[in-house]
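This report refers to the structure that appears directly beneath it.
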Amino acid sequence: MDAVATIFDRAHLLASGFAARAAQHDRDRSFPFENFRELADAGLLALTVPAARGGLGGGVRDAAHVLGIVGHADPSTALVLSMHYIQHLTIAVNPAWPPHLAHRLARETLDGIALVNALRVEPELGSPARGGLPATVARRTADGWRLSGHKIYSTGAPILKWYVVWARTDEAEPRVGAFLVAAGGEG
């Protein structure tokens with residue numbers, strides 16, 4: 001049996017526990033941290049991490065299959081998991097990602113609960129899908145970049161280890177891009 005098929009089996013095994021807890025999490029408005037511990041232990045967080053970086057190398061179709069299984073049991077868990085999968089799929093195909101950061105995110109995902117998601121939506125702009133420059137500004141400093149701005153939310157925020165923050169530079173001709181920020185830092 002190949003590794004991805006095994007992942008589907010693992011997703012089915014976890015789904016009953018997720019389903020049993022989902023209604024209580026909804027009532028309590030609590031985050032399903034235990035679901036993500038189980039997903040990590042089962043190797044499901046690494047589904048879309050490229051095989052070259054130690055993950056399973058699953059693609060969109062594999063992710064959709066797992067998300068269908070998890071989503072049937074607990075839609076909230078599936079939503080957070082989908083965002084994490086999307087970020088790893090994006091990192092894998094985007095040559096602009098510095099290799100050392102891509103490898104670090106992959107390694108941390110393999111080693112435990114290290115979820116990543118984007119922070120894009122702002123009070124002034126709303127969803128960036130409508131266009132416009134983000135109000136969040138990145139200024140170059142001697143130590144790298146300093147970000148200033150506000151984001152409204154990020155799906156999965158209570159458990160994220162990494163934020164991919166959408167911002168513009170303060171240069172005469174601003175560039176727009178993503179800045180990787182460790183969760184829980186100052187600011």
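Residue names in the structure tokens use chain letters A, B, ... in the order shown, residue numbers from 1 in each chain, and ligand numbers from 1 in the order shown.
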Near range 13-19 of chain A, 10 Å: range 58-93 of chain A residue rows, closest pairs, only C-alpha atoms, as CSV:
residue,atom,partner,partner_atom,distance
A:Ile69,CA,A:Ala15,CA,6.8
A:Val70,CA,A:Ala15,CA,5.7
A:Gly71,CA,A:Ala15,CA,8.6
A:His72,CA,A:Ala19,CA,7.9
A:Ala73,CA,A:Ala19,CA,4.3
A:Asp74,CA,A:Ala19,CA,5.5
A:Pro75,CA,A:Ala19,CA,9.2
A:Ser76,CA,A:Phe18,CA,9.9
A:Thr77,CA,A:Phe18,CA,8.2
Any chance you could export the current selection's N, CA, C and O atoms as a short mmCIF file (atom, residue, chain, number, x, y, z; two decimals), in the first residue's frame?
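And here is the file that came out, selection.cif:
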data_model
loop_
_atom_site.label_atom_id
_atom_site.label_comp_id
_atom_site.auth_asym_id
_atom_site.auth_seq_id
_atom_site.Cartn_x
_atom_site.Cartn_y
_atom_site.Cartn_z
N ILE A 69 -12.86 13.67 3.98
CA ILE A 69 -13.01 12.75 5.11
C ILE A 69 -13.09 13.53 6.42
O ILE A 69 -14.01 13.34 7.23
N VAL A 70 -12.14 14.44 6.62
CA VAL A 70 -12.09 15.22 7.86
C VAL A 70 -13.29 16.17 7.94
O VAL A 70 -13.91 16.33 8.99
N GLY A 71 -13.63 16.80 6.81
CA GLY A 71 -14.73 17.76 6.79
C GLY A 71 -16.07 17.14 7.10
O GLY A 71 -16.94 17.77 7.70
N HIS A 72 -16.26 15.91 6.71
CA HIS A 72 -17.51 15.21 7.03
C HIS A 72 -17.63 15.02 8.55
O HIS A 72 -18.72 15.08 9.10
N ALA A 73 -16.50 14.83 9.21
CA ALA A 73 -16.49 14.61 10.65
C ALA A 73 -16.50 15.92 11.43
O ALA A 73 -17.22 16.06 12.42
N ASP A 74 -15.69 16.89 11.00
CA ASP A 74 -15.57 18.17 11.71
C ASP A 74 -15.15 19.25 10.72
O ASP A 74 -13.96 19.40 10.43
N PRO A 75 -16.11 19.99 10.18
CA PRO A 75 -15.80 21.02 9.18
C PRO A 75 -14.80 22.06 9.66
O PRO A 75 -13.98 22.55 8.87
N SER A 76 -14.83 22.42 10.94
CA SER A 76 -13.89 23.43 11.45
C SER A 76 -12.45 22.94 11.36
O SER A 76 -11.56 23.69 10.97
N THR A 77 -12.23 21.70 11.72
CA THR A 77 -10.88 21.13 11.61
C THR A 77 -10.45 21.07 10.16
O THR A 77 -9.31 21.42 9.82
#
For the contact check between range 117-171 of chain A and range 23-32 of chain A, emit one row per residue of range 117-171 of chain A within 10 Å, containing the shortest atom pair and the distance in Å rounded to one decimal, counting only C-alpha atoms, chain then rising number order, as a Markdown table.
| residue | atom | partner | partner_atom | distance |
| --- | --- | --- | --- | --- |
| A:Gly156 | CA | A:Phe31 | CA | 8.5 |
| A:Ala157 | CA | A:Phe31 | CA | 9.8 |
| A:Pro158 | CA | A:Phe31 | CA | 7.4 |
| A:Ile159 | CA | A:Phe31 | CA | 8.5 |
Only N, CA and C atoms, please: the residues just picked out, written as an mmCIF file, in the first residue's frame.
data_model
loop_
_atom_site.group_PDB
_atom_site.id
_atom_site.type_symbol
_atom_site.label_atom_id
_atom_site.label_comp_id
_atom_site.auth_asym_id
_atom_site.auth_seq_id
_atom_site.Cartn_x
_atom_site.Cartn_y
_atom_site.Cartn_z
ATOM 1 N N GLY A 156 -7.479 29.501 11.775
ATOM 2 C CA GLY A 156 -6.597 28.643 12.558
ATOM 3 C C GLY A 156 -5.651 29.388 13.472
ATOM 4 N N ALA A 157 -5.840 30.686 13.646
ATOM 5 C CA ALA A 157 -4.903 31.507 14.417
ATOM 6 C C ALA A 157 -4.485 30.909 15.762
ATOM 7 N N PRO A 158 -5.378 30.271 16.530
ATOM 8 C CA PRO A 158 -4.950 29.764 17.839
ATOM 9 C C PRO A 158 -3.848 28.705 17.787
ATOM 10 N N ILE A 159 -3.680 28.048 16.644
ATOM 11 C CA ILE A 159 -2.705 26.955 16.581
ATOM 12 C C ILE A 159 -1.560 27.232 15.610
#
| request: Go through A:Ile86, A:Ala40, A:Ala102, A:Leu81 one by one, measure the shortest atom-to-atom distance of each to Arg53 in chain A using only C-alpha atoms, and give the residue with the smallest value. | output: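 Going through A:Ile86, A:Ala40, A:Ala102, A:Leu81 one by one, the smallest distance to Arg53 in chain A is for A:Ala102.
Among the candidates A:Val137, A:Ala167, A:Val80, A:Leu45, the residue lying nearest to Phe179 in chain A is A:Ala167 (atoms considered: only C-alpha atoms).
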| task | as a ChimeraX atom specification, list the residues of range 22-160 of chain A assigned to alpha helix (DSSP H) by DSSP on the backbone atoms of this structure. | result | /A:22-28,33-41,60-73,75-93,99-111
| message | Just list as number ranges by chain whatever in range 4-155 of chain A DSSP marks as strand (DSSP E or B). | response | A: 115-119, 122, 126, 137-141, 144-148
| request: Please provide as a ChimeraX atom specification all residues within 9 Å of Leu56 in chain A, with the sequence filter that same-chain residues fewer than 5 positions apart are discarded (counting only C-alpha atoms). | output: /A:3-4,43-44,46-51
Output N, CA, C and O atoms for every residue in the selection just made, as a short mmCIF file (atom, residue, chain, number, x, y, z; two decimals), in the first residue's frame.
data_model
loop_
_atom_site.label_atom_id
_atom_site.label_comp_id
_atom_site.auth_asym_id
_atom_site.auth_seq_id
_atom_site.Cartn_x
_atom_site.Cartn_y
_atom_site.Cartn_z
N ALA A 3 2.05 5.27 0.48
CA ALA A 3 1.97 6.15 1.65
C ALA A 3 0.71 7.00 1.63
O ALA A 3 0.10 7.23 2.69
N VAL A 4 0.29 7.48 0.46
CA VAL A 4 -0.90 8.32 0.41
C VAL A 4 -2.16 7.52 0.75
O VAL A 4 -3.02 7.97 1.50
N GLY A 43 0.64 11.81 10.78
CA GLY A 43 1.38 12.25 9.59
C GLY A 43 0.55 13.04 8.60
O GLY A 43 1.03 13.39 7.52
N LEU A 44 -0.69 13.34 8.94
CA LEU A 44 -1.58 14.03 8.00
C LEU A 44 -1.20 15.49 7.76
O LEU A 44 -1.54 16.04 6.71
N ALA A 46 1.63 16.57 7.08
CA ALA A 46 2.69 16.59 6.07
C ALA A 46 2.23 16.08 4.71
O ALA A 46 3.06 15.87 3.83
N LEU A 47 0.94 15.93 4.49
CA LEU A 47 0.46 15.39 3.22
C LEU A 47 0.94 16.20 2.02
O LEU A 47 1.40 15.64 1.03
N THR A 48 0.86 17.53 2.08
CA THR A 48 1.24 18.35 0.92
C THR A 48 2.66 18.90 1.00
O THR A 48 3.06 19.71 0.17
N VAL A 49 3.41 18.45 1.99
CA VAL A 49 4.84 18.79 2.03
C VAL A 49 5.52 17.93 0.97
O VAL A 49 5.30 16.72 0.91
N PRO A 50 6.34 18.54 0.10
CA PRO A 50 6.98 17.76 -0.97
C PRO A 50 7.81 16.58 -0.43
O PRO A 50 8.43 16.68 0.63
N ALA A 51 7.81 15.51 -1.18
CA ALA A 51 8.58 14.32 -0.80
C ALA A 51 10.07 14.66 -0.69
O ALA A 51 10.76 14.12 0.18
#
